[in-house]
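Structure file final-v5.cif (mmCIF, C-alpha atoms and all ligand atoms; chains and numbers go by the auth columns) follows.
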```cif
data_final
loop_
_atom_site.group_PDB
_atom_site.id
_atom_site.type_symbol
_atom_site.label_atom_id
_atom_site.label_comp_id
_atom_site.label_asym_id
_atom_site.label_seq_id
_atom_site.Cartn_x
_atom_site.Cartn_y
_atom_site.Cartn_z
_atom_site.B_iso_or_equiv
_atom_site.auth_seq_id
_atom_site.auth_asym_id
ATOM 1 C CA MET A 1 131.063 140.205 84.975 0.00 1 A
ATOM 2 C CA PRO A 2 130.260 136.625 86.032 0.00 2 A
ATOM 3 C CA ARG A 3 126.653 135.610 85.671 0.00 3 A
ATOM 4 C CA ARG A 4 124.755 134.789 88.811 0.00 4 A
ATOM 5 C CA LEU A 5 124.403 131.273 90.215 0.00 5 A
ATOM 6 C CA GLN A 6 120.859 129.992 89.698 0.00 6 A
ATOM 7 C CA VAL A 7 119.137 127.932 92.399 0.00 7 A
ATOM 8 C CA TYR A 8 116.071 125.741 91.872 0.00 8 A
ATOM 9 C CA GLU A 9 114.540 123.878 94.776 0.00 9 A
ATOM 10 C CA THR A 10 111.892 121.379 95.734 0.00 10 A
ATOM 11 C CA ALA A 11 111.287 119.717 99.083 0.00 11 A
ATOM 12 C CA GLU A 12 113.598 116.890 97.958 0.00 12 A
ATOM 13 C CA ILE A 13 116.409 118.411 95.943 0.00 13 A
ATOM 14 C CA THR A 14 118.317 121.633 95.404 0.00 14 A
ATOM 15 C CA VAL A 15 119.668 122.141 91.888 0.00 15 A
ATOM 16 C CA THR A 16 122.218 124.849 91.154 0.00 16 A
ATOM 17 C CA PHE A 17 123.372 126.086 87.764 0.00 17 A
ATOM 18 C CA GLU A 18 126.475 128.146 87.067 0.00 18 A
ATOM 19 C CA PRO A 19 125.868 129.753 83.663 0.00 19 A
ATOM 20 C CA ASP A 20 129.525 130.585 83.124 0.00 20 A
ATOM 21 C CA LEU A 21 130.544 126.924 83.330 0.00 21 A
ATOM 22 C CA CYS A 22 127.936 125.554 80.891 0.00 22 A
ATOM 23 C CA ILE A 23 129.394 124.389 77.559 0.00 23 A
ATOM 24 C CA HIS A 24 125.927 123.967 75.993 0.00 24 A
ATOM 25 C CA SER A 25 126.370 120.284 75.329 0.00 25 A
ATOM 26 C CA GLY A 26 122.604 119.797 75.634 0.00 26 A
ATOM 27 C CA VAL A 27 123.045 116.621 77.684 0.00 27 A
ATOM 28 C CA CYS A 28 120.609 117.821 80.359 0.00 28 A
ATOM 29 C CA VAL A 29 117.835 118.952 78.007 0.00 29 A
ATOM 30 C CA ARG A 30 118.034 115.745 75.973 0.00 30 A
ATOM 31 C CA GLY A 31 118.119 113.526 79.038 0.00 31 A
ATOM 32 C CA LEU A 32 115.267 115.073 81.033 0.00 32 A
ATOM 33 C CA PRO A 33 113.401 117.472 78.727 0.00 33 A
ATOM 34 C CA ALA A 34 110.559 118.100 81.184 0.00 34 A
ATOM 35 C CA VAL A 35 112.911 119.306 83.897 0.00 35 A
ATOM 36 C CA PHE A 36 115.496 121.088 81.735 0.00 36 A
ATOM 37 C CA ASP A 37 113.866 123.228 79.051 0.00 37 A
ATOM 38 C CA VAL A 38 115.711 126.300 77.801 0.00 38 A
ATOM 39 C CA ARG A 39 112.576 127.624 76.070 0.00 39 A
ATOM 40 C CA ARG A 40 111.139 128.432 79.491 0.00 40 A
ATOM 41 C CA ARG A 41 112.125 131.542 81.373 0.00 41 A
ATOM 42 C CA ARG A 42 112.610 129.361 84.444 0.00 42 A
ATOM 43 C CA TRP A 43 114.481 126.676 82.544 0.00 43 A
ATOM 44 C CA VAL A 44 115.064 124.217 85.415 0.00 44 A
ATOM 45 C CA MET A 45 111.916 122.867 87.073 0.00 45 A
ATOM 46 C CA PRO A 46 112.918 120.074 89.463 0.00 46 A
ATOM 47 C CA GLU A 47 109.291 119.689 90.546 0.00 47 A
ATOM 48 C CA LEU A 48 108.616 118.065 87.150 0.00 48 A
ATOM 49 C CA GLY A 49 110.879 115.077 87.739 0.00 49 A
ATOM 50 C CA ALA A 50 111.872 112.542 90.369 0.00 50 A
ATOM 51 C CA ALA A 51 114.715 113.774 92.560 0.00 51 A
ATOM 52 C CA ALA A 52 116.738 110.582 91.968 0.00 52 A
ATOM 53 C CA ALA A 53 116.364 110.900 88.190 0.00 53 A
ATOM 54 C CA ILE A 54 117.423 114.556 88.297 0.00 54 A
ATOM 55 C CA ALA A 55 120.437 113.674 90.420 0.00 55 A
ATOM 56 C CA ALA A 56 121.445 110.934 87.972 0.00 56 A
ATOM 57 C CA GLN A 57 121.042 113.271 85.003 0.00 57 A
ATOM 58 C CA ILE A 58 123.092 116.008 86.628 0.00 58 A
ATOM 59 C CA GLY A 59 125.815 113.406 87.114 0.00 59 A
ATOM 60 C CA HIS A 60 126.170 113.399 83.306 0.00 60 A
ATOM 61 C CA CYS A 61 126.663 117.161 82.961 0.00 61 A
ATOM 62 C CA PRO A 62 130.117 117.328 81.343 0.00 62 A
ATOM 63 C CA SER A 63 131.013 120.803 82.575 0.00 63 A
ATOM 64 C CA GLY A 64 129.949 120.739 86.210 0.00 64 A
ATOM 65 C CA ALA A 65 127.619 123.694 85.594 0.00 65 A
ATOM 66 C CA LEU A 66 124.739 121.742 87.123 0.00 66 A
ATOM 67 C CA LYS A 67 125.050 120.485 90.674 0.00 67 A
ATOM 68 C CA TYR A 68 122.558 119.077 93.139 0.00 68 A
ATOM 69 C CA ARG A 69 122.055 118.268 96.760 0.00 69 A
ATOM 70 C CA LEU A 70 119.433 115.781 97.898 0.00 70 A
ATOM 71 C CA LYS A 71 117.700 117.107 100.975 0.00 71 A
ATOM 72 C CA THR A 72 117.054 113.595 102.246 0.00 72 A
ATOM 73 C CA GLU A 73 120.824 113.411 102.862 0.00 73 A
ATOM 74 C CA ASP A 74 120.380 116.185 105.428 0.00 74 A
ATOM 75 C CA ALA A 75 117.633 114.373 107.304 0.00 75 A
ATOM 76 C CA PRO A 76 118.590 112.981 110.707 0.00 76 A
ATOM 77 C CA ALA A 77 118.759 109.202 110.955 0.00 77 A
ATOM 78 C CA PRO A 78 115.553 107.666 112.337 0.00 78 A
HETATM 79 S S1 LIG B . 124.504 119.186 80.590 0.00 101 B
HETATM 80 FE FE1 LIG B . 125.679 120.754 81.680 0.00 101 B
HETATM 81 S S2 LIG B . 127.063 121.615 80.152 0.00 101 B
HETATM 82 FE FE2 LIG B . 125.450 120.514 79.040 0.00 101 B
HETATM 83 S S3 LIG B . 123.897 122.074 78.591 0.00 101 B
HETATM 84 FE FE3 LIG B . 123.309 121.096 80.508 0.00 101 B
HETATM 85 S S4 LIG B . 124.217 122.404 82.080 0.00 101 B
HETATM 86 FE FE4 LIG B . 125.245 122.921 80.171 0.00 101 B
#
```
Any chance you could give the structure as structure tokens?
Amino acid sequence: MPRRLQVYETAEITVTFEPDLCIHSGVCVRGLPAVFDVRRRRWVMPELGAAAAIAAQIGHCPSGALKYRLKTEDAPAP
């Protein structure tokens, strides 16, 4: 049975993680260890990093297991 999509949110960014896609490269935990820490039960904590830095780090995920959406992109133009 496929494992459930995980969703982690702050006011600025939504991070999603698809466990079945992860190849355990460790790129995320090495790049931003405060945000991505597999020793925690809630292993992704986007509130512990800057949204732009998290977005950049997720861009390096080799499997596509991690994805993000910046909420500022949804904001209407001033
Ligand atoms: S960078 Fe992507 S593939 Fe590598 S451990 Fe993190 S989520 Fe998994």
Write out as JSON lines a residue-level contact list of chain A versus ligand LIG 101 (chain B) with cut-off 8 Å: for each qualifying residue the closest pair of atoms and the distance in Å to one decimal, counting only C-alpha atoms and all ligand atoms, rows sorted by chain and residue number upward.
```
{"residue": "A:Phe17", "atom": "CA", "partner": "B:LIG101", "partner_atom": "S4", "distance": 6.8}
{"residue": "A:Glu18", "atom": "CA", "partner": "B:LIG101", "partner_atom": "S4", "distance": 7.9}
{"residue": "A:Pro19", "atom": "CA", "partner": "B:LIG101", "partner_atom": "S4", "distance": 7.7}
{"residue": "A:Leu21", "atom": "CA", "partner": "B:LIG101", "partner_atom": "S2", "distance": 7.1}
{"residue": "A:Cys22", "atom": "CA", "partner": "B:LIG101", "partner_atom": "FE4", "distance": 3.8}
{"residue": "A:Ile23", "atom": "CA", "partner": "B:LIG101", "partner_atom": "S2", "distance": 4.5}
{"residue": "A:His24", "atom": "CA", "partner": "B:LIG101", "partner_atom": "S3", "distance": 3.8}
{"residue": "A:Ser25", "atom": "CA", "partner": "B:LIG101", "partner_atom": "FE2", "distance": 3.8}
{"residue": "A:Gly26", "atom": "CA", "partner": "B:LIG101", "partner_atom": "S3", "distance": 3.9}
{"residue": "A:Val27", "atom": "CA", "partner": "B:LIG101", "partner_atom": "S1", "distance": 4.1}
{"residue": "A:Cys28", "atom": "CA", "partner": "B:LIG101", "partner_atom": "S1", "distance": 4.1}
{"residue": "A:Val29", "atom": "CA", "partner": "B:LIG101", "partner_atom": "FE3", "distance": 6.4}
{"residue": "A:Phe36", "atom": "CA", "partner": "B:LIG101", "partner_atom": "FE3", "distance": 7.9}
{"residue": "A:Ile58", "atom": "CA", "partner": "B:LIG101", "partner_atom": "S1", "distance": 7.0}
{"residue": "A:His60", "atom": "CA", "partner": "B:LIG101", "partner_atom": "S1", "distance": 6.6}
{"residue": "A:Cys61", "atom": "CA", "partner": "B:LIG101", "partner_atom": "S1", "distance": 3.8}
{"residue": "A:Pro62", "atom": "CA", "partner": "B:LIG101", "partner_atom": "S2", "distance": 5.4}
{"residue": "A:Ser63", "atom": "CA", "partner": "B:LIG101", "partner_atom": "S2", "distance": 4.7}
{"residue": "A:Gly64", "atom": "CA", "partner": "B:LIG101", "partner_atom": "FE1", "distance": 6.2}
{"residue": "A:Ala65", "atom": "CA", "partner": "B:LIG101", "partner_atom": "S4", "distance": 5.1}
{"residue": "A:Leu66", "atom": "CA", "partner": "B:LIG101", "partner_atom": "S4", "distance": 5.1}
```
Selection above as a file: C-alpha atoms, as a PDB file, keeping the file's coordinate frame:
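Wrote out-v1.pdb, looks like this:
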```
ATOM      1  CA  PHE A  17     123.372 126.086  87.764  1.00  0.00           C
ATOM      2  CA  GLU A  18     126.475 128.146  87.067  1.00  0.00           C
ATOM      3  CA  PRO A  19     125.868 129.753  83.663  1.00  0.00           C
ATOM      4  CA  LEU A  21     130.544 126.924  83.330  1.00  0.00           C
ATOM      5  CA  CYS A  22     127.936 125.554  80.891  1.00  0.00           C
ATOM      6  CA  ILE A  23     129.394 124.389  77.559  1.00  0.00           C
ATOM      7  CA  HIS A  24     125.927 123.967  75.993  1.00  0.00           C
ATOM      8  CA  SER A  25     126.370 120.284  75.329  1.00  0.00           C
ATOM      9  CA  GLY A  26     122.604 119.797  75.634  1.00  0.00           C
ATOM     10  CA  VAL A  27     123.045 116.621  77.684  1.00  0.00           C
ATOM     11  CA  CYS A  28     120.609 117.821  80.359  1.00  0.00           C
ATOM     12  CA  VAL A  29     117.835 118.952  78.007  1.00  0.00           C
ATOM     13  CA  PHE A  36     115.496 121.088  81.735  1.00  0.00           C
ATOM     14  CA  ILE A  58     123.092 116.008  86.628  1.00  0.00           C
ATOM     15  CA  HIS A  60     126.170 113.399  83.306  1.00  0.00           C
ATOM     16  CA  CYS A  61     126.663 117.161  82.961  1.00  0.00           C
ATOM     17  CA  PRO A  62     130.117 117.328  81.343  1.00  0.00           C
ATOM     18  CA  SER A  63     131.013 120.803  82.575  1.00  0.00           C
ATOM     19  CA  GLY A  64     129.949 120.739  86.210  1.00  0.00           C
ATOM     20  CA  ALA A  65     127.619 123.694  85.594  1.00  0.00           C
ATOM     21  CA  LEU A  66     124.739 121.742  87.123  1.00  0.00           C
TER      22      LEU A  66
END
```
Atomic distance CA of Arg4 (chain A) - CA of Asp20 (chain A), expressed in Å with one decimal: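 That distance, rounded to one decimal, is 8.5 Å.
The residue that comes closest to Tyr68 (chain A), out of A:Glu47, A:Ala55, A:Val7, A:Glu12 and on the basis of all atoms listed in the file, is A:Ala55.
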Hits of the PyMOL selection byres (((chain A and resi 10) around 9) and not hetatm) in this structure, as a VMD selection string: chain A and resid 8 to 9 11 to 15 45 to 47 51 71
I need the residue nearest Ala34 (chain A) from this list: A:Gly59, A:Thr16, A:Pro2, A:Ile54. Use only C-alpha atoms for the distance. A:Ile54
Just to confirm, what's the straight-line distance from CA of Arg42 (chain A) to CA of Thr72 (chain A) in Å (one decimal)? 24.2 Å
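Across the model, the gap from CA of Leu70 (chain A) to CA of Ala52 (chain A) is 8.3 Å.
The residue that comes closest to Arg30 (chain A), out of A:Ala50, A:Met1, A:Lys67, A:Gln57 and on the basis of only C-alpha atoms, is A:Gln57.
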Could you pull region 4-15 of chain A out of the block above and save it with N, CA, C and O atoms, as a PDB file, in the first residue's frame?
```
ATOM      1  N   ARG A   4       1.375   7.507   2.818  1.00  0.00           N
ATOM      2  CA  ARG A   4       0.615   8.735   2.678  1.00  0.00           C
ATOM      3  C   ARG A   4       1.522   9.942   2.416  1.00  0.00           C
ATOM      4  O   ARG A   4       2.609  10.046   2.982  1.00  0.00           O
ATOM      5  N   LEU A   5       1.048  10.844   1.572  1.00  0.00           N
ATOM      6  CA  LEU A   5       1.734  12.115   1.345  1.00  0.00           C
ATOM      7  C   LEU A   5       1.770  12.903   2.652  1.00  0.00           C
ATOM      8  O   LEU A   5       0.771  12.984   3.351  1.00  0.00           O
ATOM      9  N   GLN A   6       2.931  13.463   2.972  1.00  0.00           N
ATOM     10  CA  GLN A   6       3.058  14.280   4.178  1.00  0.00           C
ATOM     11  C   GLN A   6       3.071  15.758   3.782  1.00  0.00           C
ATOM     12  O   GLN A   6       3.695  16.123   2.791  1.00  0.00           O
ATOM     13  N   VAL A   7       2.402  16.582   4.569  1.00  0.00           N
ATOM     14  CA  VAL A   7       2.301  18.011   4.273  1.00  0.00           C
ATOM     15  C   VAL A   7       2.760  18.805   5.494  1.00  0.00           C
ATOM     16  O   VAL A   7       2.316  18.539   6.616  1.00  0.00           O
ATOM     17  N   TYR A   8       3.647  19.741   5.267  1.00  0.00           N
ATOM     18  CA  TYR A   8       4.187  20.584   6.347  1.00  0.00           C
ATOM     19  C   TYR A   8       4.061  22.034   5.894  1.00  0.00           C
ATOM     20  O   TYR A   8       4.531  22.381   4.807  1.00  0.00           O
ATOM     21  N   GLU A   9       3.467  22.861   6.743  1.00  0.00           N
ATOM     22  CA  GLU A   9       3.143  24.211   6.292  1.00  0.00           C
ATOM     23  C   GLU A   9       3.578  25.289   7.253  1.00  0.00           C
ATOM     24  O   GLU A   9       3.531  25.102   8.466  1.00  0.00           O
ATOM     25  N   THR A  10       3.954  26.435   6.711  1.00  0.00           N
ATOM     26  CA  THR A  10       4.050  27.660   7.500  1.00  0.00           C
ATOM     27  C   THR A  10       3.204  28.705   6.758  1.00  0.00           C
ATOM     28  O   THR A  10       2.591  28.393   5.739  1.00  0.00           O
ATOM     29  N   ALA A  11       3.247  29.925   7.253  1.00  0.00           N
ATOM     30  CA  ALA A  11       2.501  30.990   6.576  1.00  0.00           C
ATOM     31  C   ALA A  11       3.103  31.281   5.207  1.00  0.00           C
ATOM     32  O   ALA A  11       2.439  31.841   4.333  1.00  0.00           O
ATOM     33  N   GLU A  12       4.381  30.896   5.002  1.00  0.00           N
ATOM     34  CA  GLU A  12       5.069  31.262   3.760  1.00  0.00           C
ATOM     35  C   GLU A  12       5.231  30.139   2.741  1.00  0.00           C
ATOM     36  O   GLU A  12       5.377  30.396   1.549  1.00  0.00           O
ATOM     37  N   ILE A  13       5.261  28.898   3.248  1.00  0.00           N
ATOM     38  CA  ILE A  13       5.592  27.809   2.318  1.00  0.00           C
ATOM     39  C   ILE A  13       4.842  26.531   2.710  1.00  0.00           C
ATOM     40  O   ILE A  13       4.598  26.289   3.896  1.00  0.00           O
ATOM     41  N   THR A  14       4.462  25.779   1.713  1.00  0.00           N
ATOM     42  CA  THR A  14       3.931  24.433   1.930  1.00  0.00           C
ATOM     43  C   THR A  14       4.952  23.449   1.378  1.00  0.00           C
ATOM     44  O   THR A  14       5.367  23.564   0.215  1.00  0.00           O
ATOM     45  N   VAL A  15       5.365  22.507   2.219  1.00  0.00           N
ATOM     46  CA  VAL A  15       6.307  21.469   1.806  1.00  0.00           C
ATOM     47  C   VAL A  15       5.565  20.141   1.813  1.00  0.00           C
ATOM     48  O   VAL A  15       4.867  19.819   2.773  1.00  0.00           O
TER      49      VAL A  15
END
```
